[in-house]
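Dumped protein_8.txt below, it's compact mmCIF, C-alpha atoms:
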# COMPACT_ATOMS: atom_id res chain seq x y z
CA MET F 1 9.68 44.50 -69.20
CA LEU F 2 11.08 47.25 -66.99
CA ILE F 3 9.36 48.07 -63.69
CA ILE F 4 10.26 51.43 -62.17
CA GLY F 5 9.31 52.46 -58.64
CA ILE F 6 9.04 56.20 -57.99
CA ALA F 7 8.63 57.21 -54.35
CA GLY F 8 8.94 60.42 -52.35
CA GLY F 9 6.97 62.45 -49.85
CA THR F 10 3.56 63.93 -50.49
CA GLY F 11 3.85 66.92 -52.82
CA SER F 12 7.43 66.07 -53.76
CA GLY F 13 6.65 66.14 -57.47
CA LYS F 14 6.46 62.42 -58.26
CA THR F 15 3.66 62.89 -60.79
CA THR F 16 5.65 65.57 -62.59
CA VAL F 17 8.65 63.28 -62.86
CA VAL F 18 6.44 60.41 -64.05
CA ASN F 19 4.89 62.60 -66.74
CA GLN F 20 8.29 63.85 -67.89
CA ILE F 21 9.42 60.25 -68.33
CA ILE F 22 6.34 58.89 -70.10
CA ASN F 23 6.11 61.87 -72.45
CA GLU F 24 9.29 60.63 -74.11
CA LEU F 25 8.02 57.07 -74.59
CA PRO F 26 5.45 55.67 -77.04
CA LYS F 27 2.05 55.48 -75.32
CA ASN F 28 1.70 51.77 -75.99
CA GLU F 29 5.01 51.00 -74.29
CA VAL F 30 4.34 52.46 -70.83
CA CYS F 31 1.67 52.26 -68.15
CA VAL F 32 1.43 53.86 -64.72
CA ILE F 33 0.21 52.20 -61.55
CA SER F 34 -0.62 54.49 -58.66
CA GLN F 35 -0.21 53.38 -55.05
CA ASP F 36 -3.38 55.38 -54.33
CA SER F 37 -5.38 52.77 -56.25
CA TYR F 38 -4.33 50.18 -53.69
CA TYR F 39 -5.60 51.68 -50.46
CA LYS F 40 -7.35 48.88 -48.60
CA ASP F 41 -11.09 48.48 -49.06
CA THR F 42 -12.79 50.13 -46.07
CA SER F 43 -16.42 49.60 -47.09
CA HIS F 44 -17.13 48.01 -43.71
CA LEU F 45 -16.47 51.38 -42.01
CA SER F 46 -18.68 54.45 -41.86
CA TYR F 47 -17.57 57.65 -43.57
CA LYS F 48 -16.70 59.22 -40.18
CA GLU F 49 -14.55 56.18 -39.36
CA ARG F 50 -12.82 56.26 -42.75
CA VAL F 51 -11.91 59.93 -42.34
CA LYS F 52 -9.92 59.02 -39.23
CA ILE F 53 -7.78 56.40 -40.99
CA ASN F 54 -4.07 57.15 -41.21
CA PHE F 55 -3.66 56.82 -44.98
CA ASP F 56 0.03 57.67 -44.74
CA HIS F 57 0.91 54.52 -42.79
CA PRO F 58 2.12 51.45 -44.73
CA GLN F 59 -0.68 49.39 -43.18
CA SER F 60 -3.23 51.39 -45.20
CA ILE F 61 -1.92 49.91 -48.47
CA ASP F 62 -2.99 46.55 -49.91
CA PHE F 63 0.55 45.52 -50.82
CA GLU F 64 -0.57 41.91 -51.29
CA LEU F 65 -2.89 42.86 -54.16
CA LEU F 66 -0.32 45.24 -55.64
CA GLY F 67 2.26 42.44 -55.57
CA GLU F 68 -0.14 40.00 -57.24
CA HIS F 69 -0.83 42.53 -59.97
CA LEU F 70 2.84 43.23 -60.64
CA VAL F 71 3.54 39.49 -60.88
CA ALA F 72 0.64 39.10 -63.32
CA LEU F 73 1.87 41.97 -65.49
CA ARG F 74 5.38 40.52 -65.49
CA LYS F 75 3.85 37.29 -66.82
CA GLY F 76 2.13 39.19 -69.63
CA LYS F 77 -1.36 39.15 -68.11
CA SER F 78 -3.76 42.11 -67.86
CA ILE F 79 -5.00 43.27 -64.45
CA GLN F 80 -8.03 45.09 -63.08
CA GLN F 81 -6.53 48.08 -61.27
CA PRO F 82 -8.82 49.38 -58.49
CA VAL F 83 -10.26 52.89 -58.65
CA TYR F 84 -10.06 54.95 -55.45
CA SER F 85 -12.30 57.85 -54.43
CA PHE F 86 -10.60 60.55 -52.36
CA ALA F 87 -13.97 62.16 -51.71
CA ASP F 88 -15.29 58.95 -50.09
CA HIS F 89 -11.96 57.78 -48.62
CA ASN F 90 -12.59 54.35 -50.12
CA ARG F 91 -12.27 52.20 -53.21
CA THR F 92 -15.08 52.38 -55.69
CA LYS F 93 -16.60 49.31 -57.32
CA LYS F 94 -14.99 50.32 -60.62
CA THR F 95 -11.71 48.98 -61.98
CA VAL F 96 -9.48 49.95 -64.87
CA THR F 97 -8.05 47.33 -67.20
CA THR F 98 -4.27 47.69 -67.23
CA ASN F 99 -2.35 45.78 -69.87
CA PRO F 100 1.28 44.69 -69.65
CA SER F 101 3.74 46.99 -71.39
CA LYS F 102 7.48 47.40 -71.88
CA VAL F 103 7.70 49.95 -69.05
CA ILE F 104 5.59 49.90 -65.91
CA ILE F 105 5.90 52.85 -63.54
CA VAL F 106 4.65 52.37 -59.98
CA GLU F 107 4.42 55.63 -58.06
CA GLY F 108 3.47 56.46 -54.48
CA ILE F 109 4.78 57.71 -51.17
CA LEU F 110 4.99 54.26 -49.53
CA ILE F 111 6.02 51.92 -52.34
CA LEU F 112 9.62 51.54 -51.10
CA THR F 113 8.55 50.67 -47.55
CA ASN F 114 7.54 47.12 -48.49
CA ALA F 115 10.51 44.81 -49.13
CA ILE F 116 8.61 42.39 -51.37
CA ILE F 117 7.29 45.16 -53.61
CA ARG F 118 10.63 46.97 -53.53
CA ASP F 119 12.44 43.90 -54.84
CA MET F 120 10.16 43.82 -57.88
CA PHE F 121 11.48 47.16 -59.12
CA ASP F 122 14.28 47.17 -61.68
CA ILE F 123 14.91 50.86 -60.95
CA LYS F 124 14.07 52.63 -57.68
CA ILE F 125 13.77 56.41 -57.68
CA TYR F 126 13.15 58.78 -54.77
CA VAL F 127 11.92 62.30 -55.54
CA HIS F 128 12.96 64.78 -52.86
CA ALA F 129 11.60 68.25 -52.09
CA ASP F 130 11.84 70.28 -48.88
CA SER F 131 8.96 70.18 -46.43
CA ASP F 132 7.73 73.75 -47.07
CA GLU F 133 7.50 73.15 -50.80
CA ARG F 134 5.70 69.84 -50.27
CA LEU F 135 3.14 71.41 -47.92
CA ILE F 136 2.36 74.19 -50.40
CA ARG F 137 1.87 71.68 -53.22
CA ARG F 138 -0.28 69.46 -51.01
CA LEU F 139 -2.51 72.38 -50.02
CA LYS F 140 -3.06 73.42 -53.62
CA ARG F 141 -3.80 69.89 -54.80
CA ASP F 142 -6.10 68.75 -52.00
CA ILE F 143 -8.20 71.91 -52.06
CA SER F 144 -8.57 72.06 -55.85
CA GLU F 145 -8.67 68.34 -56.73
CA ARG F 146 -9.75 66.38 -53.65
CA GLU F 147 -12.51 68.50 -52.16
CA ARG F 148 -10.66 69.23 -48.90
CA ASP F 149 -10.71 72.49 -46.94
CA MET F 150 -7.53 74.20 -45.78
CA GLN F 151 -7.92 73.36 -42.08
CA GLU F 152 -8.46 69.68 -42.83
CA VAL F 153 -5.31 69.57 -44.97
CA LEU F 154 -3.23 71.39 -42.35
CA ASP F 155 -4.50 69.16 -39.53
CA ARG F 156 -3.77 66.00 -41.49
CA TYR F 157 -0.32 67.29 -42.43
CA GLN F 158 0.58 68.05 -38.83
CA ASN F 159 -0.94 64.95 -37.25
CA THR F 160 -0.19 62.24 -39.81
CA LEU F 161 1.64 63.37 -42.95
CA LYS F 162 4.68 64.91 -41.29
CA PRO F 163 5.28 62.21 -38.63
CA MET F 164 4.64 59.39 -41.15
CA HIS F 165 7.04 61.01 -43.60
CA GLN F 166 9.75 61.14 -40.96
CA GLN F 167 9.11 57.60 -39.71
CA PHE F 168 8.45 55.66 -42.91
CA ILE F 169 8.96 57.60 -46.13
CA ASP F 170 12.15 59.64 -45.78
CA PRO F 171 14.19 56.60 -44.57
CA THR F 172 13.40 54.78 -47.84
CA LYS F 173 15.82 57.09 -49.65
CA GLU F 174 18.52 54.58 -48.72
CA PHE F 175 16.89 52.01 -51.04
CA ALA F 176 16.80 54.34 -54.05
CA ASP F 177 19.08 53.86 -57.03
CA LEU F 178 18.58 57.53 -57.86
CA ILE F 179 17.46 60.51 -55.75
CA ILE F 180 15.99 63.42 -57.73
CA PRO F 181 15.97 66.82 -55.98
CA ASN F 182 12.74 68.44 -57.12
CA ASN F 183 12.26 71.80 -55.43
CA THR F 184 12.28 73.05 -59.01
CA TYR F 185 11.99 71.05 -62.24
CA ASN F 186 15.12 68.91 -62.46
CA ASN F 187 15.44 68.27 -66.16
CA VAL F 188 18.99 66.90 -65.92
CA ALA F 189 17.99 64.12 -63.50
CA VAL F 190 14.91 63.25 -65.53
CA ASP F 191 17.00 63.13 -68.71
CA ILE F 192 19.30 60.63 -66.98
CA VAL F 193 16.31 58.46 -66.07
CA ARG F 194 14.97 58.59 -69.62
CA THR F 195 18.39 57.62 -70.97
CA ILE F 196 18.56 54.65 -68.58
CA VAL F 197 15.07 53.51 -69.59
CA LYS F 198 15.84 53.71 -73.29
CA GLU F 199 19.13 51.82 -72.85
CA ARG F 200 17.39 49.07 -70.85
CA LEU F 201 14.66 48.75 -73.47
CA ASN F 202 17.19 48.46 -76.27

Take the structure in this file and express it as structure tokens.
Amino acid sequence: MLIIGIAGGTGSGKTTVVNQIINELPKNEVCVISQDSYYKDTSHLSYKERVKINFDHPQSIDFELLGEHLVALRKGKSIQQPVYSFADHNRTKKTVTTNPSKVIIVEGILILTNAIIRDMFDIKIYVHADSDERLIRRLKRDISERERDMQEVLDRYQNTLKPMHQQFIDPTKEFADLIIPNNTYNNVAVDIVRTIVKERLN
């Protein structure tokens, strides 16, 4: 089993890189675990209170559960991956059965901030894009996919996303085995990753 961690700032293009990697692998040999599934359960809070949570701080992530799930997968056991609702800012009561596979990709902005989780990755990748490009991508995604309005996205970017990126996310580049510049599609870097994965699997 090969566990790959793919980090990078919001809107850096992590999902694109993930999709470029998995498209070259048999579907039954790869699964993806999203950090977003592991936001802590905040059912005890009202919606107004949940909206105020800083979801870009490492403390918002249930790293303990994520770690338990990665250990279970490594042992060949299936897990029940939580399902998160961006509209409600909270986990739902649903889960998705995730089976162990030859390649497990864990992606998210904060996954390299936790030393225990970081040490579970066989390959650590950081996807980099400049701040203007990331903001544009974030705006497009949150408005079209996550039911946010423009002012809400801009306020969150200025008040939490940008300072959290500078404090917690950008410094994790030093832990990466490979940094992929992704202002545009970087096919060369992705081809290198795919080659490494295939060599490890063989």

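For the atom pair formed by CA of Ile4 in chain F and CA of Val71 in chain F, the distance is 13.8 Å, given to one decimal.
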
Selected residue, from F:Asp88, F:Asp62, F:Asp36, F:Asp119, that lies nearest to Lys48 in chain F when counting only C-alpha atoms
F:Asp88

Identify which of the residues F:Phe63, F:Ser131, F:Phe121, F:Gln35 lies closest to Pro163 in chain F, counting only C-alpha atoms when measuring atom-to-atom distances.
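Ranking F:Phe63, F:Ser131, F:Phe121, F:Gln35 by distance to Pro163 in chain F, first place goes to F:Ser131.
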
Which residue is closest to Phe175 in chain F? Choose from F:Ser12, F:Thr113, F:Ser34, F:Asn54 and count all atoms listed in the file.
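Distance minimum relative to Phe175 in chain F lands on F:Thr113.
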
Closest to Met1 in chain F among F:Asn202, F:Gln80, F:Asn19, F:Thr172, using only C-alpha atoms?
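When distances to Met1 in chain F are compared using only C-alpha atoms, the smallest one comes from F:Asn202.
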
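Counting from CA of Lys93 in chain F, the distance to CA of His44 in chain F is 13.7 Å.
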
Taking into account only C-alpha atoms, which residue in the set F:Pro82, F:Pro181, F:Pro26, F:Gly5 is nearest to Leu65 in chain F?
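With only C-alpha atoms as the atom set, the closest residue is F:Pro82.
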
Would you compute the distance between CA of Leu139 in chain F and CA of Thr42 in chain F? Give it in Å to one decimal.
24.8 Å

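Considering the residues F:Ile116, F:Arg156, F:Gln20, F:Asp142 and counting only C-alpha atoms, Glu64 in chain F has its shortest atom-to-atom contact with F:Ile116.
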
Just give me the residues with any atom within 8 Å of (7.4, 45.0, -71.9), file coordinates, counting only C-alpha atoms, written as number ranges by chain.
F: 1-2, 29, 100-104

Residues at most 10 Å from Gln59 in chain F, counting all atoms listed in the file, excluding those fewer than 5 positions away in the same chain, as a ChimeraX atom specification?
/F:39-40,54,110

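Proximity to range 124-129 of chain F at 7 Å, evaluated using only C-alpha atoms and with sequence-adjacent residues fewer than 5 positions away removed, yields Ile4, Gly5, Ile6, Ala7, Gly8, Ser12, Gly13, Lys14, Arg134, Lys173, Ala176, Asp177, Leu178, Ile179, Ile180, Pro181, Asn182 and Asn183 of chain F.
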
Skip Tyr157 in chain F itself and residues of its chain fewer than 5 positions away, then list as a ChimeraX atom specification all residues within 10 Å of it, counting all atoms listed in the file.
/F:10,56,135,138-139,151-152,162-165
